[in-house]
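Engineer: My structure file protein.csv, CSV, C-alpha atoms, is below:
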chain,number,residue,atom,x,y,z
I,1178,MET,CA,-22.0,3.2,-9.6
I,1179,LYS,CA,-19.4,1.6,-7.3
I,1180,PRO,CA,-16.6,3.9,-6.1
I,1181,ILE,CA,-13.8,2.1,-8.1
I,1182,ALA,CA,-15.9,2.4,-11.3
I,1183,GLN,CA,-16.5,6.1,-10.6
I,1184,ILE,CA,-12.7,6.7,-10.0
I,1185,LYS,CA,-11.8,4.9,-13.2
I,1186,GLU,CA,-14.4,6.8,-15.4
I,1187,PRO,CA,-12.2,9.7,-16.6
I,1188,ILE,CA,-9.2,7.3,-17.4
I,1189,THR,CA,-11.1,4.4,-18.9
I,1190,HIS,CA,-9.3,4.6,-22.2
I,1191,GLU,CA,-5.8,4.9,-20.5
I,1192,MET,CA,-6.5,1.9,-18.2
I,1193,GLU,CA,-7.5,-0.2,-21.2
I,1194,LEU,CA,-4.4,0.7,-23.1
I,1195,PHE,CA,-2.3,0.3,-20.0
I,1196,GLU,CA,-3.5,-3.3,-19.7
I,1197,LYS,CA,-2.3,-4.1,-23.2
I,1198,LYS,CA,1.1,-2.4,-22.7
I,1199,PHE,CA,1.6,-4.0,-19.4
I,1200,HIS,CA,1.1,-7.5,-20.9
I,1201,LEU,CA,3.8,-6.7,-23.5
I,1202,PHE,CA,6.2,-5.4,-20.8
I,1203,MET,CA,5.9,-8.6,-18.8
I,1204,SER,CA,6.6,-11.0,-21.7
I,1205,SER,CA,9.6,-13.3,-21.8
I,1206,ARG,CA,11.1,-16.0,-24.0
I,1207,VAL,CA,10.8,-18.5,-21.2
I,1208,ALA,CA,7.4,-20.4,-21.5
I,1209,LEU,CA,7.2,-21.2,-17.7
I,1210,LEU,CA,7.7,-17.5,-16.9
I,1211,ASN,CA,5.0,-16.4,-19.4
I,1212,ARG,CA,2.6,-19.0,-17.8
I,1213,ILE,CA,3.3,-17.6,-14.3
I,1214,THR,CA,3.1,-13.9,-15.3
I,1215,HIS,CA,-0.1,-14.6,-17.1
I,1216,TYR,CA,-1.5,-16.2,-13.9
I,1217,VAL,CA,-0.4,-13.0,-12.0
I,1218,VAL,CA,-1.9,-10.5,-14.4
I,1219,ASN,CA,-5.3,-12.4,-14.6
I,1220,ARG,CA,-5.6,-12.2,-10.8
I,1221,LYS,CA,-4.9,-8.5,-10.5
I,1222,GLY,CA,-6.4,-6.4,-7.7
I,1223,LYS,CA,-8.2,-3.0,-8.1
I,1224,GLN,CA,-5.1,-1.5,-9.8
I,1225,MET,CA,-5.2,1.6,-7.6
I,1226,ARG,CA,-1.6,2.4,-8.2
I,1227,PRO,CA,-1.8,2.8,-12.0
I,1228,MET,CA,-5.0,4.8,-11.4
I,1229,PHE,CA,-3.1,7.2,-9.2
I,1230,VAL,CA,-0.5,7.6,-11.9
I,1231,PHE,CA,-3.0,8.4,-14.7
I,1232,LEU,CA,-5.3,10.6,-12.6
I,1233,VAL,CA,-2.4,12.8,-11.3
I,1234,ALA,CA,-0.8,13.0,-14.7
I,1235,LYS,CA,-4.1,14.2,-16.3
I,1236,MET,CA,-4.9,16.6,-13.4
I,1237,VAL,CA,-1.6,18.4,-13.5
I,1238,SER,CA,-1.4,18.6,-17.3
I,1239,LYS,CA,-5.0,19.5,-18.1
I,1240,GLY,CA,-5.9,16.0,-19.4
I,1241,GLU,CA,-2.7,15.0,-21.2
I,1242,VAL,CA,-0.8,11.8,-20.9
I,1243,ASN,CA,2.2,10.4,-22.9
I,1244,ASP,CA,4.3,7.3,-23.3
I,1245,ARG,CA,6.3,8.1,-20.1
I,1246,THR,CA,3.0,8.0,-18.2
I,1247,TYR,CA,2.3,4.5,-19.4
I,1248,ARG,CA,5.9,3.4,-18.6
I,1249,GLY,CA,5.6,5.0,-15.2
I,1250,ALA,CA,2.4,3.1,-14.4
I,1251,SER,CA,3.9,-0.1,-15.7
I,1252,VAL,CA,7.1,0.2,-13.7
I,1253,ILE,CA,5.2,0.8,-10.5
I,1254,GLU,CA,2.9,-2.2,-11.2
I,1255,LEU,CA,5.8,-4.4,-12.1
I,1256,ILE,CA,7.8,-3.5,-8.9
I,1257,HIS,CA,4.7,-3.6,-6.7
I,1258,THR,CA,3.9,-7.1,-8.1
I,1259,ALA,CA,7.5,-8.2,-7.4
I,1260,THR,CA,7.2,-7.1,-3.8
I,1261,LEU,CA,3.9,-9.0,-3.3
I,1262,VAL,CA,5.5,-12.2,-4.8
I,1263,HIS,CA,8.4,-11.9,-2.4
I,1264,ASP,CA,6.2,-11.0,0.5
I,1265,ASP,CA,4.2,-14.2,0.1
I,1266,VAL,CA,7.5,-16.2,0.2
I,1267,VAL,CA,8.7,-14.3,3.4
I,1268,ASP,CA,5.3,-14.7,5.1
I,1269,ASP,CA,5.0,-18.3,3.9
I,1270,SER,CA,1.5,-17.3,2.6
I,1271,ASN,CA,-0.4,-19.7,0.3
I,1272,ARG,CA,-3.1,-17.3,-0.7
I,1273,ARG,CA,-3.2,-13.9,-2.4
I,1274,ARG,CA,-6.5,-12.1,-3.1
I,1275,GLY,CA,-8.4,-15.3,-2.6
I,1276,PHE,CA,-6.2,-17.3,-5.1
I,1277,PHE,CA,-3.2,-19.5,-4.6
I,1278,SER,CA,0.0,-17.5,-4.3
I,1279,ILE,CA,2.9,-18.3,-6.7
I,1280,ASN,CA,5.0,-19.9,-4.0
I,1281,ALA,CA,2.0,-22.2,-3.2
I,1282,LEU,CA,1.7,-23.4,-6.9
I,1283,TRP,CA,5.3,-23.3,-8.1
I,1284,LYS,CA,7.4,-23.3,-4.8
I,1285,ASN,CA,9.6,-20.7,-3.2
I,1286,LYS,CA,12.6,-20.9,-5.5
I,1287,ILE,CA,10.5,-20.1,-8.6
I,1288,ALA,CA,8.5,-17.4,-6.7
I,1289,VAL,CA,11.7,-15.6,-5.7
I,1290,LEU,CA,13.1,-15.8,-9.3
I,1291,VAL,CA,9.8,-14.5,-10.7
I,1292,GLY,CA,9.9,-11.6,-8.3
I,1293,ASP,CA,13.5,-10.8,-9.4
I,1294,PHE,CA,12.4,-11.0,-13.0
I,1295,LEU,CA,9.6,-8.5,-12.5
I,1296,LEU,CA,11.9,-6.2,-10.6
I,1297,SER,CA,14.5,-6.2,-13.3
I,1298,LYS,CA,11.8,-5.8,-16.0
I,1299,GLY,CA,10.7,-2.6,-14.2
I,1300,LEU,CA,14.2,-1.2,-13.9
I,1301,LEU,CA,15.1,-2.0,-17.5
I,1302,LEU,CA,11.8,-0.4,-18.8
I,1303,SER,CA,13.0,2.9,-17.3
I,1304,ILE,CA,16.7,2.6,-18.3
I,1305,ASP,CA,16.0,1.5,-21.9
I,1306,ASN,CA,13.9,4.7,-22.3
I,1307,ASN,CA,16.2,7.1,-20.4
I,1308,ASP,CA,13.5,7.7,-17.8
I,1309,PHE,CA,16.1,8.2,-15.1
I,1310,ASP,CA,13.9,10.7,-13.1
I,1311,LEU,CA,11.1,8.1,-13.0
I,1312,LEU,CA,13.7,5.4,-12.0
I,1313,LYS,CA,14.9,7.5,-9.1
I,1314,ILE,CA,11.4,7.9,-7.8
I,1315,ILE,CA,10.7,4.2,-7.8
I,1316,SER,CA,14.1,3.2,-6.5
I,1317,VAL,CA,13.7,5.4,-3.5
I,1318,ALA,CA,10.3,3.8,-2.9
I,1319,VAL,CA,11.8,0.3,-3.0
I,1320,ARG,CA,14.6,1.2,-0.6
I,1321,GLU,CA,12.1,2.7,1.9
I,1322,MET,CA,9.7,-0.2,1.7
I,1323,SER,CA,12.5,-2.6,2.6
I,1324,GLU,CA,13.7,-0.3,5.4
I,1325,GLY,CA,10.2,0.0,6.7
I,1326,GLU,CA,9.7,-3.8,6.8
I,1327,LEU,CA,13.0,-4.3,8.6
I,1328,LEU,CA,12.3,-1.5,11.1
I,1329,GLN,CA,9.0,-3.1,11.9
I,1330,ILE,CA,10.6,-6.5,12.4
I,1331,GLU,CA,13.3,-5.0,14.6
I,1332,LYS,CA,10.8,-3.1,16.8
I,1333,ALA,CA,8.4,-6.1,17.0
I,1334,ARG,CA,11.0,-8.1,18.9
I,1335,LYS,CA,11.1,-5.5,21.8
I,1336,LEU,CA,7.6,-4.1,21.5
I,1337,ASP,CA,9.0,-0.6,22.1
I,1338,ILE,CA,7.4,1.2,19.2
I,1339,THR,CA,6.5,4.8,19.9
I,1340,GLU,CA,3.9,6.7,17.9
I,1341,GLU,CA,6.6,8.5,16.0
I,1342,VAL,CA,8.3,5.2,15.0
I,1343,TYR,CA,4.9,3.7,14.0
I,1344,TYR,CA,4.3,6.7,11.6
I,1345,GLU,CA,7.8,6.2,10.2
I,1346,ILE,CA,7.2,2.5,9.6
I,1347,ILE,CA,3.9,3.0,7.8
I,1348,ARG,CA,5.3,5.9,5.9
I,1349,GLN,CA,8.0,3.7,4.5
I,1350,LYS,CA,6.1,0.4,4.3
I,1351,THR,CA,2.9,1.7,2.6
I,1352,ALA,CA,2.7,5.4,2.0
I,1353,THR,CA,6.0,5.6,0.1
I,1354,LEU,CA,4.6,3.5,-2.8
I,1355,ILE,CA,1.4,5.6,-3.2
I,1356,ALA,CA,3.6,8.7,-2.9
I,1357,ALA,CA,5.8,7.3,-5.8
I,1358,CYS,CA,2.7,6.7,-7.9
I,1359,CYS,CA,1.5,10.3,-7.6
I,1360,SER,CA,5.0,11.7,-8.0
I,1361,LEU,CA,5.5,9.5,-11.1
I,1362,GLY,CA,2.3,10.7,-12.6
I,1363,ALA,CA,3.3,14.3,-12.2
I,1364,ALA,CA,6.9,13.7,-13.3
I,1365,SER,CA,5.8,11.9,-16.5
I,1366,VAL,CA,4.1,15.0,-17.9
I,1367,LYS,CA,5.7,17.9,-16.0
I,1368,PRO,CA,9.3,16.8,-15.2
I,1369,ASP,CA,11.3,19.1,-12.8
I,1370,SER,CA,8.1,21.0,-11.8
I,1371,GLU,CA,6.8,21.8,-8.3
I,1372,HIS,CA,4.0,19.4,-9.0
I,1373,VAL,CA,6.3,16.4,-8.6
I,1374,GLU,CA,7.0,17.1,-4.9
I,1375,ARG,CA,3.5,18.4,-4.1
I,1376,MET,CA,2.0,15.2,-5.6
I,1377,ARG,CA,4.5,13.0,-3.7
I,1378,GLU,CA,3.4,14.6,-0.5
I,1379,PHE,CA,-0.3,14.2,-1.5
I,1380,GLY,CA,0.3,10.5,-2.1
I,1381,GLU,CA,2.1,10.1,1.2
I,1382,MET,CA,-0.8,11.6,3.1
I,1383,ILE,CA,-3.3,9.2,1.4
I,1384,GLY,CA,-0.9,6.3,2.1
I,1385,MET,CA,-0.7,7.1,5.8
I,1386,ALA,CA,-4.6,7.2,6.0
I,1387,PHE,CA,-4.8,4.0,4.0
I,1388,GLN,CA,-2.5,2.1,6.4
I,1389,ILE,CA,-4.2,3.4,9.6
I,1390,LYS,CA,-7.5,2.2,8.1
I,1391,ASP,CA,-5.9,-1.2,7.5
I,1392,ASP,CA,-4.8,-1.4,11.1
I,1393,LEU,CA,-8.4,-0.6,12.2
I,1394,PHE,CA,-9.7,-3.7,10.4
I,1395,ASP,CA,-7.9,-5.8,13.0
I,1396,TYR,CA,-10.4,-4.6,15.6
I,1397,GLY,CA,-13.5,-5.0,13.4
I,1398,ASN,CA,-16.0,-7.9,13.1
I,1399,GLU,CA,-16.8,-7.6,9.4
I,1400,LYS,CA,-15.6,-10.2,6.9
I,1401,ILE,CA,-12.7,-8.2,5.6
I,1402,GLY,CA,-10.4,-10.8,4.2
I,1403,LYS,CA,-8.2,-11.0,7.2
I,1404,PRO,CA,-9.2,-12.5,10.6
I,1405,THR,CA,-9.7,-10.2,13.6
I,1406,GLY,CA,-6.7,-10.0,15.9
I,1407,ILE,CA,-4.1,-11.1,13.3
I,1408,ASP,CA,-1.8,-8.1,13.9
I,1409,ILE,CA,-1.8,-8.9,17.6
I,1410,LYS,CA,-1.1,-12.6,16.9
I,1411,GLU,CA,1.9,-11.4,14.7
I,1412,GLN,CA,3.0,-9.0,17.4
I,1413,LYS,CA,2.5,-6.0,15.1
I,1414,MET,CA,2.2,-2.8,17.1
I,1415,THR,CA,-0.4,-0.7,15.4
I,1416,LEU,CA,-1.8,2.8,16.3
I,1417,PRO,CA,-4.8,1.7,18.4
I,1418,LEU,CA,-2.6,-0.5,20.6
I,1419,ILE,CA,0.3,2.1,20.8
I,1420,TYR,CA,-2.2,4.8,21.9
I,1421,THR,CA,-3.7,2.5,24.6
I,1422,LEU,CA,-0.3,1.4,25.9
I,1423,ASN,CA,0.6,5.1,26.3
I,1424,ASN,CA,-2.6,6.0,28.1
I,1425,CYS,CA,-3.2,3.3,30.7
I,1426,SER,CA,-1.8,2.4,34.1
I,1427,GLU,CA,1.5,0.7,34.6
I,1428,LYS,CA,-0.2,-2.5,35.7
I,1429,GLU,CA,-2.5,-2.5,32.6
I,1430,ARG,CA,0.5,-1.7,30.4
I,1431,ARG,CA,2.4,-4.8,31.8
I,1432,TRP,CA,-0.6,-7.0,31.1
I,1433,LEU,CA,-1.0,-5.7,27.6
I,1434,ILE,CA,2.7,-6.2,26.7
I,1435,ASN,CA,2.7,-9.7,28.3
I,1436,SER,CA,-0.5,-10.5,26.3
I,1437,VAL,CA,1.0,-9.5,23.0
I,1438,LYS,CA,4.4,-11.0,23.7
I,1439,ASN,CA,3.6,-14.3,25.4
I,1440,HIS,CA,-0.1,-15.0,24.8
I,1441,ASN,CA,-0.6,-13.8,21.2
I,1442,LYS,CA,-1.7,-17.3,20.1
I,1443,ASP,CA,-4.4,-17.5,22.8
I,1444,SER,CA,-7.7,-16.5,21.0
I,1445,LYS,CA,-9.4,-15.6,24.3
I,1446,ARG,CA,-6.5,-13.4,25.4
I,1447,VAL,CA,-6.4,-11.7,22.0
I,1448,LYS,CA,-10.1,-10.9,22.2
I,1449,GLU,CA,-9.5,-9.4,25.7
I,1450,VAL,CA,-6.8,-7.2,24.3
I,1451,ILE,CA,-9.1,-6.0,21.5
I,1452,GLN,CA,-11.9,-5.2,24.0
I,1453,PHE,CA,-9.4,-3.3,26.2
I,1454,VAL,CA,-8.1,-1.2,23.3
I,1455,LYS,CA,-11.7,-0.4,22.2
I,1456,LYS,CA,-12.7,0.5,25.8
I,1457,ASN,CA,-9.7,2.8,26.2
I,1458,GLY,CA,-10.2,5.0,23.2
I,1459,GLY,CA,-7.6,3.4,20.9
I,1460,LEU,CA,-9.9,3.1,17.9
I,1461,GLU,CA,-11.3,6.7,18.3
I,1462,TYR,CA,-7.8,8.1,18.4
I,1463,ALA,CA,-6.7,6.1,15.3
I,1464,VAL,CA,-9.7,7.3,13.4
I,1465,THR,CA,-8.9,11.0,14.3
I,1466,GLN,CA,-5.3,10.6,13.1
I,1467,MET,CA,-6.5,8.9,9.9
I,1468,LYS,CA,-8.9,11.8,9.1
I,1469,MET,CA,-6.1,14.3,9.9
I,1470,TYR,CA,-3.9,12.7,7.1
I,1471,GLN,CA,-6.9,12.6,4.8
I,1472,GLN,CA,-7.5,16.3,5.4
I,1473,LYS,CA,-3.9,17.2,4.6
I,1474,ALA,CA,-4.3,15.3,1.3
I,1475,PHE,CA,-7.5,17.3,0.5
I,1476,ASP,CA,-5.6,20.6,1.3
I,1477,LEU,CA,-2.9,19.7,-1.2
I,1478,LEU,CA,-5.5,18.8,-3.9
I,1479,GLU,CA,-7.3,22.2,-3.3
I,1480,THR,CA,-4.4,24.0,-5.0
I,1481,TYR,CA,-5.6,22.5,-8.3
I,1482,PRO,CA,-8.6,23.7,-10.4
I,1483,ASP,CA,-11.7,21.5,-10.6
I,1484,SER,CA,-11.6,18.7,-13.2
I,1485,PRO,CA,-12.9,15.2,-13.6
I,1486,TYR,CA,-9.5,13.9,-12.6
I,1487,LYS,CA,-9.4,15.9,-9.4
I,1488,ALA,CA,-13.0,14.7,-8.6
I,1489,SER,CA,-11.9,11.1,-9.1
I,1490,LEU,CA,-8.9,11.6,-6.7
I,1491,GLU,CA,-11.3,13.1,-4.1
I,1492,ILE,CA,-13.5,9.9,-4.4
I,1493,MET,CA,-10.4,7.9,-4.1
I,1494,MET,CA,-9.5,9.7,-0.8
I,1495,ASN,CA,-12.9,9.0,0.6
I,1496,TYR,CA,-12.8,5.4,-0.6
I,1497,VAL,CA,-9.5,4.9,1.3
I,1498,ILE,CA,-11.1,5.5,4.7
I,1499,ASP,CA,-14.7,4.3,3.9
I,1500,ARG,CA,-13.8,0.9,2.4
I,1501,LYS,CA,-14.9,-2.3,4.0
I,1502,LYS,CA,-11.8,-4.4,3.3
As structure tokens, how would this structure be written, given the file I've shared?

Structural biologist:
Amino acid sequence: MKPIAQIKEPITHEMELFEKKFHLFMSSRVALLNRITHYVVNRKGKQMRPMFVFLVAKMVSKGEVNDRTYRGASVIELIHTATLVHDDVVDDSNRRRGFFSINALWKNKIAVLVGDFLLSKGLLLSIDNNDFDLLKIISVAVREMSEGELLQIEKARKLDITEEVYYEIIRQKTATLIAACCSLGAASVKPDSEHVERMREFGEMIGMAFQIKDDLFDYGNEKIGKPTGIDIKEQKMTLPLIYTLNNCSEKERRWLINSVKNHNKDSKRVKEVIQFVKKNGGLEYAVTQMKMYQQKAFDLLETYPDSPYKASLEIMMNYVIDRKK
């Protein structure tokens, strides 16, 4: 059985019901909007975020979920989808998960409006049901994701990212949303309990490991859905490169910075940078840090008794760093 199927097994019923509820939550009186949201829903990814919500909820409550759990999963998916739609506009991207993006098919103006619609749907779903604790969790995540993106843009201009700043960027950009999923799952069934913060931290640790794994793909040769060296071409300072910059001679450092700043569109030069990072231990260091975050997540999970939901979360944690794309 594939890892995703294994992970989903103890929440198969919940995920099927979630699909139906999510369709209802996305509905609108505007035909064009319904056509676009239908297109979005039918091209969904692995749905890891709702899976985190249901698995955590069931783990901390001994197998129980409620309407708040479904709303929490729907809110996170609505807002995550909104950010993806907006990201494609910002990045001028024509593809998403192998399909045309909304901005490619319906132009930027409609894509931005659809993103706004999904965002407002998510907020109203919480407000209309007085889920203010869940709304606070997701609102903090949206704020941090925006700050993380802007911090990365600001630092990319100067290429002066330290390892500490890098961790803060990926914590805000990626880990905060997974942390919100896990926190929402716990809060939906055990509001105001110690589980909410513990599961937030658990999700954050997984998110950190997930993003470091993503950064490592830039140095791989496998067909992974994004071309090798794209982060360097976009002047993104990732952990393997930051480590190498901090552990080479001044002359090599100047060459690396010059390469990323002024020669990032030169494929030959980008390959040379990749080889230099590999040769100087950048990848090994990043793998070590990724496994450290994974272990911290395992340690937090160990405080819970064994259950099918805990077992699925453990598979998820291994999948995050073993995945091929």

Engineer: List as a list of chain:residue names the protein and nucleic acid residues near Thr1480 in chain I, meaning an atom at most 12 Å away when all atoms listed in the file are counted, but skip any in the same chain fewer than 2 places from it.

Structural biologist: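 Non-adjacent residues within range: I:Met1236, I:Val1237, I:Glu1371, I:His1372, I:Arg1375, I:Met1376, I:Phe1379, I:Lys1473, I:Ala1474, I:Phe1475, I:Asp1476, I:Leu1477, I:Leu1478, I:Pro1482, I:Asp1483, I:Lys1487.
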
Engineer: Please report the interatomic distance between CA of Thr1260 in chain I and CA of Gly1292 in chain I in Å with one decimal.

Structural biologist: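 Going from CA of Thr1260 in chain I over to CA of Gly1292 in chain I, I get 6.9 Å.
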
Engineer: Let me make sure I understand: among I:Gly1397, I:Leu1418, I:Lys1390, I:Arg1446, which one has the smallest atom-to-atom distance to Val1464 in chain I if we use all atoms listed in the file?

Structural biologist: I:Lys1390

Engineer: Under the rule that only C-alpha atoms are counted, which of I:Leu1301, I:Ile1315, I:Leu1261, I:Met1494 is the nearest residue to Met1382 in chain I?

Structural biologist: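 Between I:Leu1301, I:Ile1315, I:Leu1261, I:Met1494, the residue approaching Met1382 in chain I most closely is I:Met1494.
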
Engineer: Measuring between only C-alpha atoms, which one of I:Glu1461, I:Glu1241, I:Glu1378, I:Glu1411 shows the shortest distance to Asn1441 in chain I?

Structural biologist: I:Glu1411

Engineer: Please work out which residues fall within 12 Å of (-4.7, 18.1, -18.7), coordinates as given in the file, with all atoms listed in the file counting, and return them as a PyMOL selection string.

Structural biologist: chain I and resi 1187-1188+1231-1243+1362-1363+1366-1367+1481-1487

Engineer: In Å to one decimal, how far is CA of Ile1181 in chain I from CA of Lys1350 in chain I?

Structural biologist: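 Distance between the two atoms: 23.5 Å.
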
Engineer: Give me, as a PDB file with C-alpha atoms, in the coordinates of the input, all polymer residues having an atom no more than 9 Å from Val1450 in chain I, counting all atoms listed in the file and skipping those fewer than 6 positions away in the same chain.

Structural biologist:
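File produced: result-v3.pdb:
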ATOM      1  CA  GLY I1406      -6.700 -10.000  15.900  1.00  0.00           C
ATOM      2  CA  ILE I1409      -1.800  -8.900  17.600  1.00  0.00           C
ATOM      3  CA  LEU I1418      -2.600  -0.500  20.600  1.00  0.00           C
ATOM      4  CA  LEU I1433      -1.000  -5.700  27.600  1.00  0.00           C
ATOM      5  CA  SER I1436      -0.500 -10.500  26.300  1.00  0.00           C
ATOM      6  CA  VAL I1437       1.000  -9.500  23.000  1.00  0.00           C
TER       7      VAL I1437
END

Engineer: Take CA of Arg1334 in chain I and CA of Ile1434 in chain I and report the distance between them in Å, one decimal.

Structural biologist: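 Taking CA of Arg1334 in chain I as the start and CA of Ile1434 in chain I as the end point, the length is 11.5 Å.
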
Engineer: Which residues, protein or nucleic acid, reach to within 12 Å of (10.1, -6.2, 24.9) in the file's coordinates when using all atoms listed in the file, and can you give that as number ranges by chain?

Structural biologist: I: 1331-1338, 1412, 1414, 1430-1431, 1433-1439

Engineer: Find the spatial neighbours of Thr1353 in chain I, counting all atoms listed in the file, within a cut-off of 10 Å - ignore same-chain residues fewer than 3 positions away - and output them as a list in words.

Structural biologist: Ile1314, Ile1315, Val1317, Ala1318, Val1319, Arg1320, Glu1321, Met1322, Gly1325, Ile1347, Arg1348, Gln1349, Lys1350, Ala1356, Ala1357, Cys1358, Arg1377, Glu1378, Gly1380, Glu1381, Met1382, Gly1384 and Met1385 of chain I
